[in-house]
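Here is the file run_34.tsv (TSV, C-alpha atoms).
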chain	number	residue	atom	x	y	z
A	1	MET	CA	-16.16	8.26	43.40
A	2	ILE	CA	-16.66	10.93	40.71
A	3	ALA	CA	-13.53	11.45	38.62
A	4	PRO	CA	-12.04	14.92	39.13
A	5	VAL	CA	-12.24	17.38	36.28
A	6	LEU	CA	-9.31	19.18	37.95
A	7	SER	CA	-6.59	17.58	40.05
A	8	VAL	CA	-3.76	19.59	41.60
A	9	GLN	CA	-1.09	17.17	42.75
A	10	ARG	CA	1.63	18.21	45.22
A	11	LEU	CA	2.12	21.55	43.49
A	12	SER	CA	5.00	23.82	44.51
A	13	VAL	CA	5.67	27.28	43.04
A	14	ARG	CA	8.70	29.54	43.57
A	15	ILE	CA	9.34	33.08	42.38
A	16	GLY	CA	12.97	33.86	43.08
A	17	ALA	CA	13.53	33.37	46.82
A	18	ALA	CA	9.79	33.40	47.53
A	19	ARG	CA	8.15	30.06	48.32
A	20	ILE	CA	4.57	30.76	47.26
A	21	LEU	CA	3.10	27.23	47.25
A	22	ASP	CA	4.42	24.04	48.83
A	23	ASP	CA	3.07	20.56	48.13
A	24	VAL	CA	-0.52	21.73	47.53
A	25	SER	CA	-3.05	19.09	46.49
A	26	LEU	CA	-6.77	19.40	45.78
A	27	ALA	CA	-9.38	17.99	43.43
A	28	VAL	CA	-12.63	19.30	41.93
A	29	PRO	CA	-14.98	16.51	40.82
A	30	ALA	CA	-17.02	16.89	37.63
A	31	GLY	CA	-20.11	18.89	38.54
A	32	GLY	CA	-18.76	19.50	42.07
A	33	THR	CA	-17.96	22.67	43.98
A	34	LEU	CA	-14.74	23.27	45.93
A	35	GLY	CA	-14.01	26.36	48.02
A	36	VAL	CA	-10.50	27.62	48.79
A	37	VAL	CA	-10.18	29.85	51.85
A	38	GLY	CA	-7.38	31.56	53.77
A	39	GLU	CA	-6.02	34.95	54.74
A	40	SER	CA	-4.47	37.31	52.22
A	41	GLY	CA	-0.96	36.14	51.36
A	42	CYS	CA	-1.75	32.43	51.69
A	43	GLY	CA	-1.15	31.67	48.00
A	44	LYS	CA	-4.72	31.56	46.68
A	45	SER	CA	-4.06	33.83	43.68
A	46	THR	CA	-0.90	31.94	42.69
A	47	LEU	CA	-2.84	28.68	42.89
A	48	LEU	CA	-5.44	30.09	40.50
A	49	ARG	CA	-2.73	31.34	38.14
A	50	ALA	CA	-1.19	27.87	38.03
A	51	ILE	CA	-4.59	26.32	37.28
A	52	LEU	CA	-5.25	28.88	34.53
A	53	GLY	CA	-1.77	28.41	33.05
A	54	ILE	CA	-0.82	32.06	33.55
A	55	LEU	CA	1.93	31.98	36.17
A	56	PRO	CA	4.00	35.19	36.04
A	57	ARG	CA	7.32	35.37	34.27
A	58	GLY	CA	10.09	34.05	36.50
A	59	ALA	CA	7.84	31.59	38.33
A	60	GLU	CA	9.29	28.10	38.72
A	61	VAL	CA	7.48	24.86	39.47
A	62	PRO	CA	9.96	22.57	41.26
A	63	GLY	CA	7.35	19.87	41.74
A	64	GLY	CA	3.79	18.79	41.15
A	65	ALA	CA	1.22	18.81	38.38
A	66	VAL	CA	-2.10	20.46	37.49
A	67	LEU	CA	-4.22	17.91	35.62
A	68	PHE	CA	-7.26	19.06	33.69
A	69	GLY	CA	-9.05	16.41	31.69
A	70	GLY	CA	-6.11	14.12	32.40
A	71	ARG	CA	-3.52	16.45	30.83
A	72	ASP	CA	-0.94	18.52	32.69
A	73	ILE	CA	-1.63	22.23	32.15
A	74	LEU	CA	1.84	23.13	33.39
A	75	ALA	CA	3.51	20.91	30.80
A	76	ASP	CA	1.77	22.44	27.79
A	77	GLY	CA	1.56	26.06	28.97
A	78	GLY	CA	-2.20	25.86	29.45
A	79	ALA	CA	-2.89	25.12	25.77
A	80	SER	CA	-4.99	22.02	26.50
A	81	ALA	CA	-7.30	24.00	28.82
A	82	ARG	CA	-7.87	27.16	26.78
A	83	GLY	CA	-11.56	27.73	26.35
A	84	ARG	CA	-12.36	24.85	28.72
A	85	ILE	CA	-11.76	26.74	31.97
A	86	GLY	CA	-13.85	29.88	32.55
A	87	PHE	CA	-12.55	32.57	34.90
A	88	VAL	CA	-14.62	35.09	36.88
A	89	PRO	CA	-12.26	37.76	38.28
A	90	GLN	CA	-12.59	39.62	41.54
A	91	ASP	CA	-13.16	43.23	40.50
A	92	PRO	CA	-15.91	43.99	37.96
A	93	TYR	CA	-14.73	47.60	37.72
A	94	LEU	CA	-11.17	46.83	36.59
A	95	SER	CA	-11.72	43.72	34.49
A	96	LEU	CA	-13.34	45.30	31.44
A	97	ASN	CA	-11.65	47.73	29.05
A	98	PRO	CA	-13.57	51.04	29.33
A	99	VAL	CA	-12.95	52.12	25.70
A	100	PHE	CA	-14.46	49.05	24.00
A	101	ARG	CA	-18.08	47.88	23.93
A	102	ALA	CA	-18.77	45.07	26.36
A	103	GLY	CA	-20.15	42.81	23.64
A	104	ASP	CA	-17.10	43.28	21.41
A	105	GLN	CA	-14.75	42.31	24.25
A	106	ILE	CA	-16.54	39.02	24.88
A	107	LEU	CA	-16.99	38.31	21.16
A	108	GLU	CA	-13.21	38.58	20.78
A	109	ILE	CA	-12.79	35.79	23.35
A	110	MET	CA	-15.26	33.66	21.39
A	111	ARG	CA	-13.52	34.42	18.10
A	112	ARG	CA	-10.26	33.06	19.51
A	113	HIS	CA	-11.50	30.05	21.43
A	114	ALA	CA	-15.02	29.03	20.34
A	115	PRO	CA	-16.04	27.41	17.05
A	116	GLY	CA	-18.57	29.13	14.80
A	117	THR	CA	-19.10	32.31	12.82
A	118	ARG	CA	-19.42	35.81	14.24
A	119	ARG	CA	-23.18	35.57	13.72
A	120	ASP	CA	-23.23	32.32	15.73
A	121	HIS	CA	-21.15	33.92	18.46
A	122	ARG	CA	-23.39	36.97	18.61
A	123	ALA	CA	-26.52	34.84	18.93
A	124	ARG	CA	-24.91	32.71	21.65
A	125	LEU	CA	-23.79	35.82	23.54
A	126	VAL	CA	-27.32	37.24	23.54
A	127	GLU	CA	-28.49	33.91	25.01
A	128	LEU	CA	-25.79	34.12	27.67
A	129	PHE	CA	-26.73	37.71	28.54
A	130	ARG	CA	-30.28	36.49	28.97
A	131	ALA	CA	-29.08	33.54	31.09
A	132	VAL	CA	-27.15	35.84	33.45
A	133	GLN	CA	-30.25	38.06	33.69
A	134	LEU	CA	-28.91	41.21	32.06
A	135	PRO	CA	-31.75	43.58	31.11
A	136	GLU	CA	-32.26	44.09	27.36
A	137	PRO	CA	-29.60	41.55	26.37
A	138	GLU	CA	-29.47	42.53	22.68
A	139	ALA	CA	-29.02	46.21	23.48
A	140	ALA	CA	-26.36	45.33	26.09
A	141	LEU	CA	-24.01	44.18	23.31
A	142	ALA	CA	-23.49	47.75	22.15
A	143	LYS	CA	-23.05	49.33	25.59
A	144	TYR	CA	-19.77	50.38	27.19
A	145	PRO	CA	-18.75	49.10	30.66
A	146	HIS	CA	-19.52	52.41	32.37
A	147	GLN	CA	-23.17	52.04	31.32
A	148	PHE	CA	-23.59	49.02	33.60
A	149	SER	CA	-23.87	48.87	37.39
A	150	GLY	CA	-21.37	46.87	39.44
A	151	GLY	CA	-23.69	43.87	39.65
A	152	GLN	CA	-24.39	44.02	35.92
A	153	ARG	CA	-20.65	44.15	35.18
A	154	GLN	CA	-20.14	41.03	37.24
A	155	ARG	CA	-22.89	39.36	35.20
A	156	LEU	CA	-21.00	40.38	32.07
A	157	LEU	CA	-17.88	38.70	33.44
A	158	ILE	CA	-19.83	35.54	34.24
A	159	ALA	CA	-21.13	35.54	30.65
A	160	ALA	CA	-17.53	35.95	29.43
A	161	ALA	CA	-16.45	33.00	31.59
A	162	LEU	CA	-19.21	30.84	30.08
A	163	CYS	CA	-18.90	31.94	26.46
A	164	CYS	CA	-16.68	29.02	25.35
A	165	ASP	CA	-18.78	26.37	27.11
A	166	PRO	CA	-16.20	25.45	29.81
A	167	ALA	CA	-16.14	22.32	31.95
A	168	LEU	CA	-14.73	24.20	34.96
A	169	LEU	CA	-15.53	27.65	36.30
A	170	VAL	CA	-12.90	29.35	38.46
A	171	ALA	CA	-14.13	32.31	40.52
A	172	ASP	CA	-11.73	34.57	42.42
A	173	GLU	CA	-13.79	36.25	45.16
A	174	PRO	CA	-16.25	37.52	42.53
A	175	THR	CA	-18.51	39.32	45.01
A	176	THR	CA	-15.91	41.24	47.06
A	177	ALA	CA	-16.59	44.60	45.39
A	178	LEU	CA	-20.39	44.27	45.53
A	179	ASP	CA	-22.99	45.23	48.12
A	180	VAL	CA	-24.60	42.48	50.18
A	181	THR	CA	-27.84	42.31	48.19
A	182	THR	CA	-26.06	42.14	44.85
A	183	GLN	CA	-23.59	39.62	46.28
A	184	ARG	CA	-26.44	37.29	47.15
A	185	GLU	CA	-27.90	37.60	43.64
A	186	ILE	CA	-24.54	36.83	41.99
A	187	LEU	CA	-23.92	33.80	44.22
A	188	ALA	CA	-27.39	32.42	43.48
A	189	LEU	CA	-26.77	33.02	39.77
A	190	LEU	CA	-23.42	31.20	39.83
A	191	GLN	CA	-24.89	28.29	41.75
A	192	GLY	CA	-27.84	28.01	39.39
A	193	LEU	CA	-25.76	28.25	36.21
A	194	ALA	CA	-23.24	25.68	37.45
A	195	ALA	CA	-26.01	23.24	38.33
A	196	ALA	CA	-27.92	23.76	35.08
A	197	ARG	CA	-24.83	23.34	32.90
A	198	GLY	CA	-23.14	20.59	34.89
A	199	LEU	CA	-20.11	22.77	35.59
A	200	ALA	CA	-17.46	22.11	38.20
A	201	LEU	CA	-16.81	25.22	40.30
A	202	LEU	CA	-13.63	26.30	42.10
A	203	PHE	CA	-14.46	29.25	44.34
A	204	VAL	CA	-11.88	31.35	46.20
A	205	THR	CA	-13.25	33.39	49.09
A	206	HIS	CA	-12.52	34.93	52.49
A	207	ASP	CA	-16.14	34.53	53.57
A	208	PHE	CA	-17.14	31.36	55.41
A	209	GLY	CA	-20.80	32.28	54.95
A	210	VAL	CA	-20.35	32.19	51.18
A	211	LEU	CA	-18.43	28.95	51.56
A	212	ALA	CA	-21.22	27.32	53.56
A	213	SER	CA	-23.93	28.28	51.09
A	214	LEU	CA	-22.09	27.46	47.87
A	215	CYS	CA	-19.37	24.81	48.30
A	216	GLU	CA	-19.60	21.07	48.93
A	217	SER	CA	-15.98	20.79	50.05
A	218	VAL	CA	-13.27	23.17	51.22
A	219	THR	CA	-9.49	23.48	51.23
A	220	VAL	CA	-7.94	25.80	53.84
A	221	LEU	CA	-4.61	27.32	52.78
A	222	TYR	CA	-2.06	28.85	55.10
A	223	ALA	CA	1.26	30.34	53.92
A	224	GLY	CA	1.26	28.26	50.75
A	225	ARG	CA	0.38	24.92	52.36
A	226	VAL	CA	-2.88	23.03	52.86
A	227	ALA	CA	-3.88	23.19	56.53
A	228	GLU	CA	-7.14	21.26	56.31
A	229	SER	CA	-9.49	19.96	53.63
A	230	GLY	CA	-12.72	18.01	53.58
A	231	PRO	CA	-16.51	18.30	53.30
A	232	THR	CA	-17.55	21.89	54.01
A	233	ARG	CA	-20.15	21.05	56.66
A	234	ASP	CA	-17.71	18.85	58.57
A	235	VAL	CA	-14.96	21.46	58.51
A	236	LEU	CA	-17.28	24.27	59.59
A	237	ASP	CA	-19.01	22.27	62.32
A	238	ASP	CA	-15.87	20.68	63.74
A	239	PRO	CA	-12.66	22.37	62.48
A	240	ARG	CA	-9.58	20.44	63.63
A	241	HIS	CA	-6.52	22.35	62.44
A	242	PRO	CA	-5.70	25.16	64.91
A	243	TYR	CA	-5.59	27.68	62.04
A	244	THR	CA	-9.05	26.70	60.79
A	245	ARG	CA	-10.47	26.89	64.31
A	246	MET	CA	-8.99	30.33	64.98
A	247	LEU	CA	-10.01	31.60	61.54
A	248	LEU	CA	-13.60	30.52	62.16
A	249	ALA	CA	-13.55	32.05	65.64
A	250	CYS	CA	-12.93	35.43	63.99
A	251	HIS	CA	-16.09	35.23	61.90
A	252	PRO	CA	-18.67	37.88	62.94
A	253	ASP	CA	-21.31	35.19	63.52
A	254	ARG	CA	-19.08	33.50	66.12
A	255	ALA	CA	-16.96	36.30	67.62
A	256	THR	CA	-18.38	38.48	70.39
A	257	ALA	CA	-16.16	41.39	69.36
A	258	LEU	CA	-14.07	42.45	66.38
A	259	ALA	CA	-11.28	39.88	66.36
A	260	GLY	CA	-8.31	38.59	64.40
A	261	ILE	CA	-5.61	35.96	64.80
A	262	PRO	CA	-2.54	37.36	66.62
A	263	GLY	CA	0.45	37.84	64.33
A	264	THR	CA	0.53	37.88	60.54
A	265	VAL	CA	0.95	35.47	57.64
A	266	PRO	CA	4.72	35.13	57.08
A	267	ALA	CA	6.24	36.70	53.98
A	268	ALA	CA	6.86	34.23	51.15
A	269	THR	CA	10.57	35.11	51.32
A	270	ALA	CA	10.81	34.37	55.05
A	271	GLN	CA	8.76	31.26	55.72
A	272	PRO	CA	9.48	29.63	59.10
A	273	ASP	CA	10.80	26.08	59.25
A	274	GLY	CA	8.54	23.25	60.30
A	275	CYS	CA	4.85	24.09	60.53
A	276	ARG	CA	4.36	27.56	59.08
A	277	PHE	CA	1.57	28.33	61.53
A	278	HIS	CA	3.58	27.51	64.65
A	279	PRO	CA	4.61	31.14	65.49
A	280	ARG	CA	0.89	31.98	65.87
A	281	CYS	CA	-0.39	28.64	67.17
A	282	PRO	CA	-1.44	28.10	70.81
A	283	LEU	CA	-0.77	24.34	70.46
A	284	ALA	CA	2.79	24.78	69.14
A	285	ARG	CA	5.59	22.70	70.68
A	286	GLY	CA	9.28	22.33	70.02
A	287	ASP	CA	8.90	19.85	67.19
A	288	CYS	CA	6.47	22.16	65.37
A	289	ALA	CA	9.37	24.48	64.54
A	290	LEU	CA	11.45	21.60	63.17
A	291	ASP	CA	9.21	19.13	61.33
A	292	VAL	CA	6.86	19.80	58.44
A	293	PRO	CA	3.53	18.30	59.58
A	294	GLN	CA	2.41	15.36	57.49
A	295	PRO	CA	-1.26	15.21	56.45
A	296	VAL	CA	-3.42	13.03	58.70
A	297	LEU	CA	-6.71	11.46	57.59
A	298	HIS	CA	-9.32	12.11	60.28
A	299	ARG	CA	-13.03	11.35	59.88
A	300	GLY	CA	-13.06	11.86	56.12
A	301	ARG	CA	-10.86	14.94	55.97
A	302	VAL	CA	-7.15	15.71	55.68
A	303	ILE	CA	-5.48	17.74	58.45
A	304	ALA	CA	-1.83	18.83	58.52
A	305	CYS	CA	-1.38	18.89	62.29
A	306	PRO	CA	-0.34	16.06	64.64
A	307	TYR	CA	-2.22	17.73	67.51
A	308	HIS	CA	-5.56	18.08	65.71
A	309	ALA	CA	-7.41	16.04	68.35
A	310	GLU	CA	-6.41	18.37	71.23
A	311	ALA	CA	-8.60	21.17	72.53
A	312	LEU	CA	-7.42	24.70	71.87
A	313	PRO	CA	-6.52	26.61	75.05
A	314	GLU	CA	-8.19	29.90	75.65
A	315	VAL	CA	-6.43	32.45	73.48
A	316	ALA	CA	-7.07	36.16	73.13
A	317	LEU	CA	-7.81	36.97	69.51
A	318	ALA	CA	-6.23	40.24	68.45
Here is the file; what I need is its structure written in the form of structure tokens.
Amino acid sequence: MIAPVLSVQRLSVRIGAARILDDVSLAVPAGGTLGVVGESGCGKSTLLRAILGILPRGAEVPGGAVLFGGRDILADGGASARGRIGFVPQDPYLSLNPVFRAGDQILEIMRRHAPGTRRDHRARLVELFRAVQLPEPEAALAKYPHQFSGGQRQRLLIAAALCCDPALLVADEPTTALDVTTQREILALLQGLAAARGLALLFVTHDFGVLASLCESVTVLYAGRVAESGPTRDVLDDPRHPYTRMLLACHPDRATALAGIPGTVPAATAQPDGCRFHPRCPLARGDCALDVPQPVLHRGRVIACPYHAEALPEVALA
């Protein structure tokens, strides 16, 4: 077994009356790639904030730990991970300040978190711009964000995530705002850079196609809880949690018409008792509304459903 560079252990997060995460566990091995998938409102962004040590003011952690390099990020406010976790945000158009040169913005990150002189930082940044395949990397230092295309801005953000030589790269749906061709280029770039530098990669996405091409393992979140986790190929070929199966059935490659799961993800302030998926689940029974399902180990994966071995009845997807 490869020791995890990141280990989230039974993490729970509350913001006021909202129960955002409940008992979430996952691990990213050194040099490995983990995908996190789920509908909007499932807690993916809060999970990333906890990992990055930037939970919003008022957030409480009633239980759990986020271990990075063996140290709890939550206990030290993220200080032990600064500069060691790179973050690639979702929107390349909103993530750069339009009034400052792109190079200056990334050099400021390096000044705060990377050793060396400004000359060293500048030389390293030119190398990174070349590594992420930006045209004219030296000239790119002096350009403003509006002078780059969407794909080039995302490459800038990848360079920013790598500038302090991290051990873990966290990517929050980094291709959502890009066209399909550019999306493919960015995914190939991320995969290549992670492999070449021995980086662990935590990738949040809605797209199972992206998941299949990029991630070795997957964790499926629903309403702040882990529904299913395991090797990506196993989960995609034979999903066992009803939520995973219905989510995959909605994918354009599998659905015969535009489809969605009936109902909606419950609000964090009004989570149902028992299994949180039971109001939408075709396998739900009386005990599903009463008992929180305990994780079951099944063929090398973890599934939070006692009825995972049963066939789903025919159900009309919305």
At most 9 Å is the cut-off: for each residue in stretch 47-149 of chain A with any atom that close to an atom of stretch 188-193 of chain A, write down the nearest atom pair and the distance in Å rounded to one decimal, counting all atoms listed in the file, chain first then increasing number, as JSON lines.
{"residue": "A:Ala131", "atom": "CA", "partner": "A:Leu193", "partner_atom": "CA", "distance": 8.1}
{"residue": "A:Val132", "atom": "CA", "partner": "A:Leu189", "partner_atom": "CA", "distance": 6.9}
{"residue": "A:Gln133", "atom": "CA", "partner": "A:Leu189", "partner_atom": "CA", "distance": 8.6}
Practice task
In Å, rounded to a single decimal, give me how far atom CA of A:Pro242 is from atom CA of A:Cys281.
Solution key: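 Interatomic distance here is 6.7 Å.
Atom CA of A:Leu141 sits 7.2 Å away from atom CA of A:Asp104.
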Completion exercise
re atom CA of A:Gly263 and atom CA of A:Thr244: distance 15.1 Å
Please provide the set of residues having any atom within 8 Å of A:Leu6, restricted to only C-alpha atoms, with same-chain residues fewer than 4 positions apart removed, written as a PDB file with C-alpha atoms, in the coordinates of the input.
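So result-v3.pdb came out as:
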ATOM      1  CA  ALA A  27      -9.380  17.990  43.430  1.00  0.00           C
ATOM      2  CA  VAL A  28     -12.630  19.300  41.930  1.00  0.00           C
ATOM      3  CA  PRO A  29     -14.980  16.510  40.820  1.00  0.00           C
ATOM      4  CA  VAL A  66      -2.100  20.460  37.490  1.00  0.00           C
ATOM      5  CA  LEU A  67      -4.220  17.910  35.620  1.00  0.00           C
ATOM      6  CA  PHE A  68      -7.260  19.060  33.690  1.00  0.00           C
ATOM      7  CA  GLY A  69      -9.050  16.410  31.690  1.00  0.00           C
ATOM      8  CA  LEU A 168     -14.730  24.200  34.960  1.00  0.00           C
TER       9      LEU A 168
END
Exercise for the section: Compile the contact shell of A:Gly64 as a PyMOL selection string: residues with an atom at most 12 Å away, counting all atoms listed in the file, same-chain residues fewer than 6 positions apart removed. Expected result: chain A and resi 7-13+21-26+50-51+72-75
Practice task
Rank nothing, just name the residue among A:Leu162, A:Val126, A:Leu211, A:Ile20 nearest to A:Val37, using all atoms listed in the file.
Solution key: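 Of the candidates, the smallest distance to A:Val37 is held by A:Leu211.
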Considering only C-alpha atoms, give me a table of residues in stretch 174-207 of chain A that are at most 10 Å from stretch 146-152 of chain A, with the closest atom pair and distance in Å for each, as JSON lines.
{"residue": "A:Thr175", "atom": "CA", "partner": "A:Gly151", "partner_atom": "CA", "distance": 8.7}
{"residue": "A:Ala177", "atom": "CA", "partner": "A:Gly150", "partner_atom": "CA", "distance": 8.0}
{"residue": "A:Leu178", "atom": "CA", "partner": "A:Gly150", "partner_atom": "CA", "distance": 6.7}
{"residue": "A:Asp179", "atom": "CA", "partner": "A:Gly151", "partner_atom": "CA", "distance": 8.6}
{"residue": "A:Thr181", "atom": "CA", "partner": "A:Gly151", "partner_atom": "CA", "distance": 9.6}
{"residue": "A:Thr182", "atom": "CA", "partner": "A:Gly151", "partner_atom": "CA", "distance": 6.0}
{"residue": "A:Gln183", "atom": "CA", "partner": "A:Gly151", "partner_atom": "CA", "distance": 7.9}
{"residue": "A:Glu185", "atom": "CA", "partner": "A:Gly151", "partner_atom": "CA", "distance": 8.5}
{"residue": "A:Ile186", "atom": "CA", "partner": "A:Gly151", "partner_atom": "CA", "distance": 7.5}
Exercise for the section: Find the spatial neighbours of A:Gly31, counting only C-alpha atoms, within a cut-off of 10 Å - ignore same-chain residues fewer than 3 positions away - and output them as a PyMOL selection string. Expected result: chain A and resi 2-5+28+167-168+194-201
Handout entry: Spatial neighbours of stretch 273-278 of chain A, 7 Å, all atoms listed in the file, chain gap at least 4 places, as a PyMOL selection string
Key = chain A and resi 223+284+288-293
Handout entry: Near-A:Leu297 list (12 Å; only C-alpha atoms; drop same-chain fewer than 2 positions) as a VMD selection string
Key = chain A and resid 228 to 230 240 to 241 294 to 295 299 to 306 308 to 309
I need the chosen residues saved as a compact mmCIF listing (two decimals), in the frame of the given file, with C-alpha atoms.
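After the write, result17.txt holds the following:
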# COMPACT_ATOMS: atom_id res chain seq x y z
CA GLU A 228 -7.14 21.26 56.31
CA SER A 229 -9.49 19.96 53.63
CA GLY A 230 -12.72 18.01 53.58
CA ARG A 240 -9.58 20.44 63.63
CA HIS A 241 -6.52 22.35 62.44
CA GLN A 294 2.41 15.36 57.49
CA PRO A 295 -1.26 15.21 56.45
CA ARG A 299 -13.03 11.35 59.88
CA GLY A 300 -13.06 11.86 56.12
CA ARG A 301 -10.86 14.94 55.97
CA VAL A 302 -7.15 15.71 55.68
CA ILE A 303 -5.48 17.74 58.45
CA ALA A 304 -1.83 18.83 58.52
CA CYS A 305 -1.38 18.89 62.29
CA PRO A 306 -0.34 16.06 64.64
CA HIS A 308 -5.56 18.08 65.71
CA ALA A 309 -7.41 16.04 68.35
